[in-house]
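I have placed the structure first, in the form of structure tokens, so that the comments after it can refer back to it.
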Amino acid sequence: MQPSGPAVKQNNLSRSSIFRAHPELFSVIKGYDPWEFYRNIKEVGSGTYGHVYKVQNLSTDGIAALKCVKIEPKDDLKNILAELYALKDCQHANIVQFYGAFLTEIRAPRQLCLWMAMEYCGGKSLQDIYNVTQTALKESVIAFVCRESLRALAHMHSLHRLHRDIKGANILLTMEGAVKLADFGIAAQITATLGKRMSFIGTPYWMAPELCDVWSVGITAIELAELEPPLFSLPPMKALQAIASRGYRQPTLRRRAAWTESFHSFLCAALRLNPRHRSSAAQLLQHQFIAAPGLGEHLTVALLREFQDVCSQRRANVQHLLQMPARQSPRQPHPQPPPLRTPPPQQQQQLPSNQATSSITDNSPAQAPKSQEKPNFSPSVHQPLRRKPVAPPSRPPPPRTSPAAPPASPHSSVPWMGAG
Ligand SMILES: Nc1ncnc2c1ncn2[C@@H]1O[C@H](COP(=O)(O)OP(=O)(O)OP(=O)(O)O)[C@@H](O)[C@H]1O
């Protein structure tokens, strides 16, 4: 059910005006100050519209993620809240659970911040992971991720709800290797509203000629296999034009021989240009590529270990460099971090399970080297994967207590990752 009632005046947005117009939103907005409910543990990431914090519920001790989005008076908060309202009852094993929202208001200058509390996924997003490992995901991992994503989509589509922004950055892993779709409906709504003010074009590379989640799953499978979606060498506007053009051909994997026929056939079914011939999420779940036995969380847990190994290696290299004497003899070569060359997917080795022993920290993984190699695009067009995060909300969340990481969870199947 969507919130009903008179529309909020866009240019006179305030908390009180919103709640007068939509009293039902009180069931979504839990309060005015998230820091009355949560203790800040640490910042875990930042996206186009704000920062994400790992927090602890003050009354239950439960861990959650708190995402902040800055709202300006002219933004269409009503639609964003409507999405949240629709999301509040949605529960699925493969969807990041939404716990509730908070609306903070600063008077001078007038500024609203929407804070969304949700399930914490300590394993990071798939894009975070491949940006660090710089290694194509194994086909079995891609199949597992596609299966779990399609399960979430089949459920939501049966409720007539679209995600609208499936991509590696919106697929999160828990420490136990579970796959969760984040930002259901909200990302697109926020992009559509806040995006206007930032001249943000969105993420066209994953978009079907018409809006379609199943198509985006196919593009995401290619992204995970090639570390970027098709057309990524084009600026977003040009990619959008190419997708909408008559001559647009069905996207395929670049190195055909490197992947199984089953994978090609799956992509073919997901990426049919004619939407009437394209499989639904429920139909695609029957495809042999993802219906194959043996797919499970052990695959994503192994991926997380690989990620952790690269993080540990980088930390060790930085540590080593910091300990070097300031001046070197010209004969001594500088130690270099190990090359991050991507082996062909077939040659990737599964890491032994006992290799990773320390915990993932959110500041250690360096940015993807490849993102610096990309060309600059028009200043009016925001490039999603190579973005610089916007400034944090008007003030950073005041930690209620010292931001120390909690003790390791006894339930974690990946002990080196600590508690969620
Ligand atoms: N529920 C969550 N649990 C744990 N970490 C999260 C969660 N949601 C987001 N993050 C972390 O915060 C980062 C930023 O997330 P955010 O949703 O703000 O941006 P994004 O999806 O990467 O990009 P965009 O803002 O363009 O959609 C993610 O890459 C992830 O590392």
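By convention here, the chains of the structure tokens are called A, B, ... in the order presented, each chain's residues are numbered starting at 1, and ligands are numbered starting at 1 in the order presented.
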>> 7 Å from ligand 1 is the threshold here; counting only C-alpha atoms and all ligand atoms, which polymer residues fall inside it? Answer as a list in words.
In response: Val44, Gly45, Ser46, Gly47, Thr48, Tyr49, Gly50, His51, Val52, Lys54, Ala65, Lys67, Val96, Met118, Glu119, Tyr120, Cys121, Gly122, Lys124, Ser125, Asp128, Ala169, Asn170, Ala182, Asp183, Ala187 and Pro384 of chain A
Export, as an mmCIF file, in the first residue's frame, the selected residues with C-alpha atoms.
data_model
loop_
_atom_site.group_PDB
_atom_site.id
_atom_site.type_symbol
_atom_site.label_atom_id
_atom_site.label_comp_id
_atom_site.auth_asym_id
_atom_site.auth_seq_id
_atom_site.Cartn_x
_atom_site.Cartn_y
_atom_site.Cartn_z
ATOM 1 C CA VAL A 44 31.452 1.219 6.485
ATOM 2 C CA GLY A 45 31.024 2.877 3.131
ATOM 3 C CA SER A 46 29.692 5.745 1.142
ATOM 4 C CA GLY A 47 27.568 5.927 -1.958
ATOM 5 C CA THR A 48 26.402 8.630 -4.291
ATOM 6 C CA TYR A 49 24.032 10.187 -1.787
ATOM 7 C CA GLY A 50 25.583 9.707 1.595
ATOM 8 C CA HIS A 51 27.390 7.516 4.052
ATOM 9 C CA VAL A 52 26.641 4.143 5.605
ATOM 10 C CA LYS A 54 27.625 0.166 11.219
ATOM 11 C CA ALA A 65 23.491 -0.566 9.047
ATOM 12 C CA LYS A 67 22.396 4.862 5.713
ATOM 13 C CA VAL A 96 18.397 -6.685 3.038
ATOM 14 C CA MET A 118 18.604 -1.926 7.800
ATOM 15 C CA GLU A 119 20.148 -5.335 8.181
ATOM 16 C CA TYR A 120 23.942 -5.156 8.378
ATOM 17 C CA CYS A 121 25.820 -7.187 5.755
ATOM 18 C CA GLY A 122 29.441 -7.436 6.865
ATOM 19 C CA LYS A 124 30.547 -5.879 1.573
ATOM 20 C CA SER A 125 29.093 -5.531 -1.912
ATOM 21 C CA ASP A 128 33.557 -3.648 -3.345
ATOM 22 C CA ALA A 169 27.131 -2.513 -5.966
ATOM 23 C CA ASN A 170 23.631 -3.364 -4.721
ATOM 24 C CA ALA A 182 20.020 -3.888 -1.138
ATOM 25 C CA ASP A 183 18.101 -0.709 -1.927
ATOM 26 C CA ALA A 187 17.836 3.539 -5.011
ATOM 27 C CA PRO A 384 28.600 5.721 -11.197
#
>> Could you list, as a PyMOL selection string, every residue within 9 Å of Ser280 in chain A, counting only C-alpha atoms and ignoring same-chain residues fewer than 2 positions away?
In response: chain A and resi 154+214+270+278+282-285
Using C-alpha atoms, can you export the residues from the last selection as a compact mmCIF listing (two decimals), in the first residue's frame?
# COMPACT_ATOMS: atom_id res chain seq x y z
CA ALA A 154 10.72 -13.66 -8.06
CA VAL A 214 15.86 -9.78 -15.09
CA ALA A 270 18.03 -13.13 -19.45
CA ARG A 278 12.69 -12.81 -22.10
CA ALA A 282 10.63 -17.40 -11.75
CA GLN A 283 11.29 -19.04 -15.15
CA LEU A 284 14.98 -18.25 -15.07
CA LEU A 285 15.27 -19.99 -11.70
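The residue that comes closest to Gln308 in chain A, out of A:Leu137, A:Val132, A:Ile71, A:Ala86 and on the basis of only C-alpha atoms, is A:Val132.
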>> With distances taken over only C-alpha atoms, which residue among A:Leu84, A:Ala136, A:Leu153, A:Leu77 lies nearest Ala281 in chain A?
In response: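 Checking each candidate against Ala281 in chain A, we get A:Leu153 as the closest.
Interatomic distance, CA of Pro204 in chain A to CA of Ser216 in chain A: 10.1 Å.
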>> With distances taken over only C-alpha atoms, which residue among A:Leu159, A:Leu224, A:Leu273, A:Leu322 lies nearest Lys138 in chain A?
In response: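 So, comparing all the options, the nearest one is A:Leu224.
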>> Using DSSP assignments from the backbone, pull out every residue in range 6-245 of chain A that falls under strand (DSSP E) and give it to me as an MDAnalysis selection string.
In response: chainID A and resid 29:31 38:46 51:57 63:71 98:106 111:119 171:173 179:181
Save out the residues we just selected, N, CA and C atoms, as a short mmCIF file (atom, residue, chain, number, x, y, z; two decimals), in the first residue's frame.
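This went into selection_32.cif:
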data_model
loop_
_atom_site.label_atom_id
_atom_site.label_comp_id
_atom_site.auth_asym_id
_atom_site.auth_seq_id
_atom_site.Cartn_x
_atom_site.Cartn_y
_atom_site.Cartn_z
N ILE A 29 8.74 5.97 9.86
CA ILE A 29 9.68 6.86 10.54
C ILE A 29 9.63 6.55 12.03
N LYS A 30 10.74 6.02 12.52
CA LYS A 30 10.75 5.56 13.91
C LYS A 30 11.02 6.70 14.88
N GLY A 31 11.57 7.77 14.36
CA GLY A 31 11.86 8.87 15.27
C GLY A 31 12.60 9.96 14.55
N TYR A 38 20.58 4.24 18.35
CA TYR A 38 21.77 3.49 17.93
C TYR A 38 23.05 4.14 18.41
N ARG A 39 24.04 3.31 18.57
CA ARG A 39 25.41 3.76 18.87
C ARG A 39 26.23 3.55 17.61
N ASN A 40 27.00 4.56 17.23
CA ASN A 40 27.82 4.43 16.02
C ASN A 40 29.03 3.55 16.31
N ILE A 41 29.26 2.56 15.48
CA ILE A 41 30.46 1.73 15.63
C ILE A 41 31.53 2.22 14.66
N LYS A 42 31.15 2.33 13.39
CA LYS A 42 32.12 2.86 12.42
C LYS A 42 31.42 3.13 11.10
N GLU A 43 32.05 3.94 10.26
CA GLU A 43 31.53 4.14 8.91
C GLU A 43 31.99 2.96 8.07
N VAL A 44 31.07 2.40 7.27
CA VAL A 44 31.45 1.22 6.48
C VAL A 44 31.47 1.48 4.99
N GLY A 45 30.99 2.61 4.56
CA GLY A 45 31.02 2.88 3.13
C GLY A 45 30.31 4.17 2.82
N SER A 46 30.44 4.57 1.57
CA SER A 46 29.69 5.74 1.14
C SER A 46 29.27 5.55 -0.30
N HIS A 51 26.51 8.49 3.42
CA HIS A 51 27.39 7.52 4.05
C HIS A 51 26.58 6.41 4.72
N VAL A 52 27.28 5.29 4.95
CA VAL A 52 26.64 4.14 5.61
C VAL A 52 27.46 3.82 6.86
N TYR A 53 26.77 3.62 7.98
CA TYR A 53 27.44 3.36 9.25
C TYR A 53 27.02 2.01 9.81
N LYS A 54 27.97 1.35 10.44
CA LYS A 54 27.62 0.17 11.22
C LYS A 54 27.25 0.66 12.61
N VAL A 55 26.09 0.26 13.10
CA VAL A 55 25.60 0.77 14.38
C VAL A 55 25.10 -0.37 15.25
N GLN A 56 24.95 -0.05 16.53
CA GLN A 56 24.43 -1.05 17.46
C GLN A 56 23.18 -0.49 18.14
N ASN A 57 22.15 -1.28 18.14
CA ASN A 57 20.90 -0.86 18.79
C ASN A 57 21.11 -0.74 20.30
N ILE A 63 23.09 -5.51 15.80
CA ILE A 63 23.88 -4.72 14.86
C ILE A 63 23.02 -4.38 13.64
N ALA A 64 23.17 -3.17 13.14
CA ALA A 64 22.42 -2.74 11.96
C ALA A 64 23.30 -1.84 11.11
N ALA A 65 22.84 -1.57 9.89
CA ALA A 65 23.49 -0.57 9.05
C ALA A 65 22.57 0.64 9.01
N LEU A 66 23.17 1.81 9.05
CA LEU A 66 22.39 3.05 9.02
C LEU A 66 22.89 3.90 7.86
N LYS A 67 21.99 4.13 6.92
CA LYS A 67 22.40 4.86 5.71
C LYS A 67 21.75 6.24 5.74
N CYS A 68 22.55 7.24 5.46
CA CYS A 68 22.06 8.61 5.53
C CYS A 68 21.94 9.21 4.14
N VAL A 69 20.82 9.81 3.85
CA VAL A 69 20.63 10.49 2.56
C VAL A 69 20.18 11.92 2.84
N LYS A 70 20.91 12.86 2.27
CA LYS A 70 20.59 14.27 2.50
C LYS A 70 19.44 14.68 1.57
N ILE A 71 18.44 15.32 2.14
CA ILE A 71 17.27 15.72 1.35
C ILE A 71 17.21 17.24 1.32
N PHE A 98 14.71 -4.07 5.90
CA PHE A 98 14.57 -2.66 6.28
C PHE A 98 13.97 -2.60 7.69
N TYR A 99 14.64 -1.88 8.59
CA TYR A 99 14.17 -1.83 9.98
C TYR A 99 13.31 -0.59 10.27
N GLY A 100 13.61 0.49 9.59
CA GLY A 100 12.86 1.72 9.86
C GLY A 100 13.70 2.92 9.46
N ALA A 101 13.06 4.10 9.48
CA ALA A 101 13.77 5.30 9.03
C ALA A 101 13.68 6.39 10.09
N PHE A 102 14.55 7.34 9.97
CA PHE A 102 14.57 8.50 10.86
C PHE A 102 14.69 9.74 9.98
N LEU A 103 14.13 10.81 10.47
CA LEU A 103 14.20 12.05 9.70
C LEU A 103 14.76 13.13 10.61
N THR A 104 15.94 13.59 10.33
CA THR A 104 16.51 14.66 11.15
C THR A 104 16.40 15.96 10.39
N GLU A 105 16.29 17.03 11.13
CA GLU A 105 16.09 18.33 10.51
C GLU A 105 17.03 19.34 11.12
N ILE A 106 17.73 20.04 10.25
CA ILE A 106 18.58 21.13 10.72
C ILE A 106 17.94 22.41 10.19
N GLN A 111 17.68 21.77 6.24
CA GLN A 111 18.21 20.52 5.68
C GLN A 111 17.55 19.33 6.37
N LEU A 112 17.01 18.43 5.55
CA LEU A 112 16.47 17.19 6.10
C LEU A 112 17.43 16.07 5.76
N CYS A 113 17.58 15.14 6.69
CA CYS A 113 18.37 13.94 6.40
C CYS A 113 17.49 12.72 6.65
N LEU A 114 17.44 11.86 5.68
CA LEU A 114 16.70 10.62 5.84
C LEU A 114 17.71 9.53 6.22
N TRP A 115 17.46 8.87 7.33
CA TRP A 115 18.35 7.80 7.79
C TRP A 115 17.59 6.49 7.67
N MET A 116 18.17 5.53 6.99
CA MET A 116 17.49 4.24 6.83
C MET A 116 18.25 3.18 7.61
N ALA A 117 17.57 2.59 8.57
CA ALA A 117 18.19 1.51 9.35
C ALA A 117 17.84 0.19 8.68
N MET A 118 18.83 -0.66 8.49
CA MET A 118 18.60 -1.93 7.80
C MET A 118 19.55 -3.00 8.30
N GLU A 119 19.30 -4.19 7.84
CA GLU A 119 20.15 -5.33 8.18
C GLU A 119 21.60 -5.05 7.79
N ILE A 171 24.40 -5.65 -4.53
CA ILE A 171 24.30 -7.04 -4.05
C ILE A 171 25.32 -7.19 -2.94
N LEU A 172 24.83 -7.40 -1.72
CA LEU A 172 25.70 -7.47 -0.55
C LEU A 172 25.85 -8.91 -0.08
N LEU A 173 26.96 -9.17 0.59
CA LEU A 173 27.18 -10.48 1.20
C LEU A 173 27.20 -10.33 2.72
N VAL A 179 23.60 -14.01 0.14
CA VAL A 179 23.51 -12.95 -0.87
C VAL A 179 22.24 -12.14 -0.62
N LYS A 180 22.36 -10.81 -0.55
CA LYS A 180 21.20 -9.96 -0.22
C LYS A 180 21.12 -8.78 -1.18
N LEU A 181 19.95 -8.57 -1.74
CA LEU A 181 19.75 -7.39 -2.58
C LEU A 181 19.47 -6.19 -1.68
#
Where does range 89-176 of chain A meet range 254-267 of chain A within 12 Å, residue by residue, with the nearest atom pair and distance in Å to one decimal for each, counting only C-alpha atoms, listed by chain and rising number, as a tab-separated table?
residue	atom	partner	partner_atom	distance
A:Ala136	CA	A:Ala258	CA	11.3
A:Leu137	CA	A:Trp259	CA	11.5
A:Lys138	CA	A:Trp259	CA	9.6
A:Glu139	CA	A:Trp259	CA	7.5
A:Ser140	CA	A:Phe263	CA	9.7
A:Val141	CA	A:Phe263	CA	11.8
A:Ile142	CA	A:Phe263	CA	9.3
A:Ala143	CA	A:Phe263	CA	8.1
A:Phe144	CA	A:Phe263	CA	11.9
A:Cys146	CA	A:Phe266	CA	10.0
A:Arg147	CA	A:Phe266	CA	11.1
> How many Å separate CA of Met207 in chain A from CA of Ile290 in chain A?
Replying inline: 22.1 Å
> What does the distance between CA of Arg161 in chain A and CA of Ile80 in chain A come to in Å, to one decimal place?
Replying inline: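 These atoms are spaced 14.3 Å apart.
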> Which residues in range 109-348 of chain A does DSSP call helix (DSSP H, G or I)? List them as a ChimeraX atom specification.
Replying inline: /A:126-133,139-158,168-170,186-197,204-206,213-226,236-244,256-258,261-270,281-284,288-291,297-323,345-347
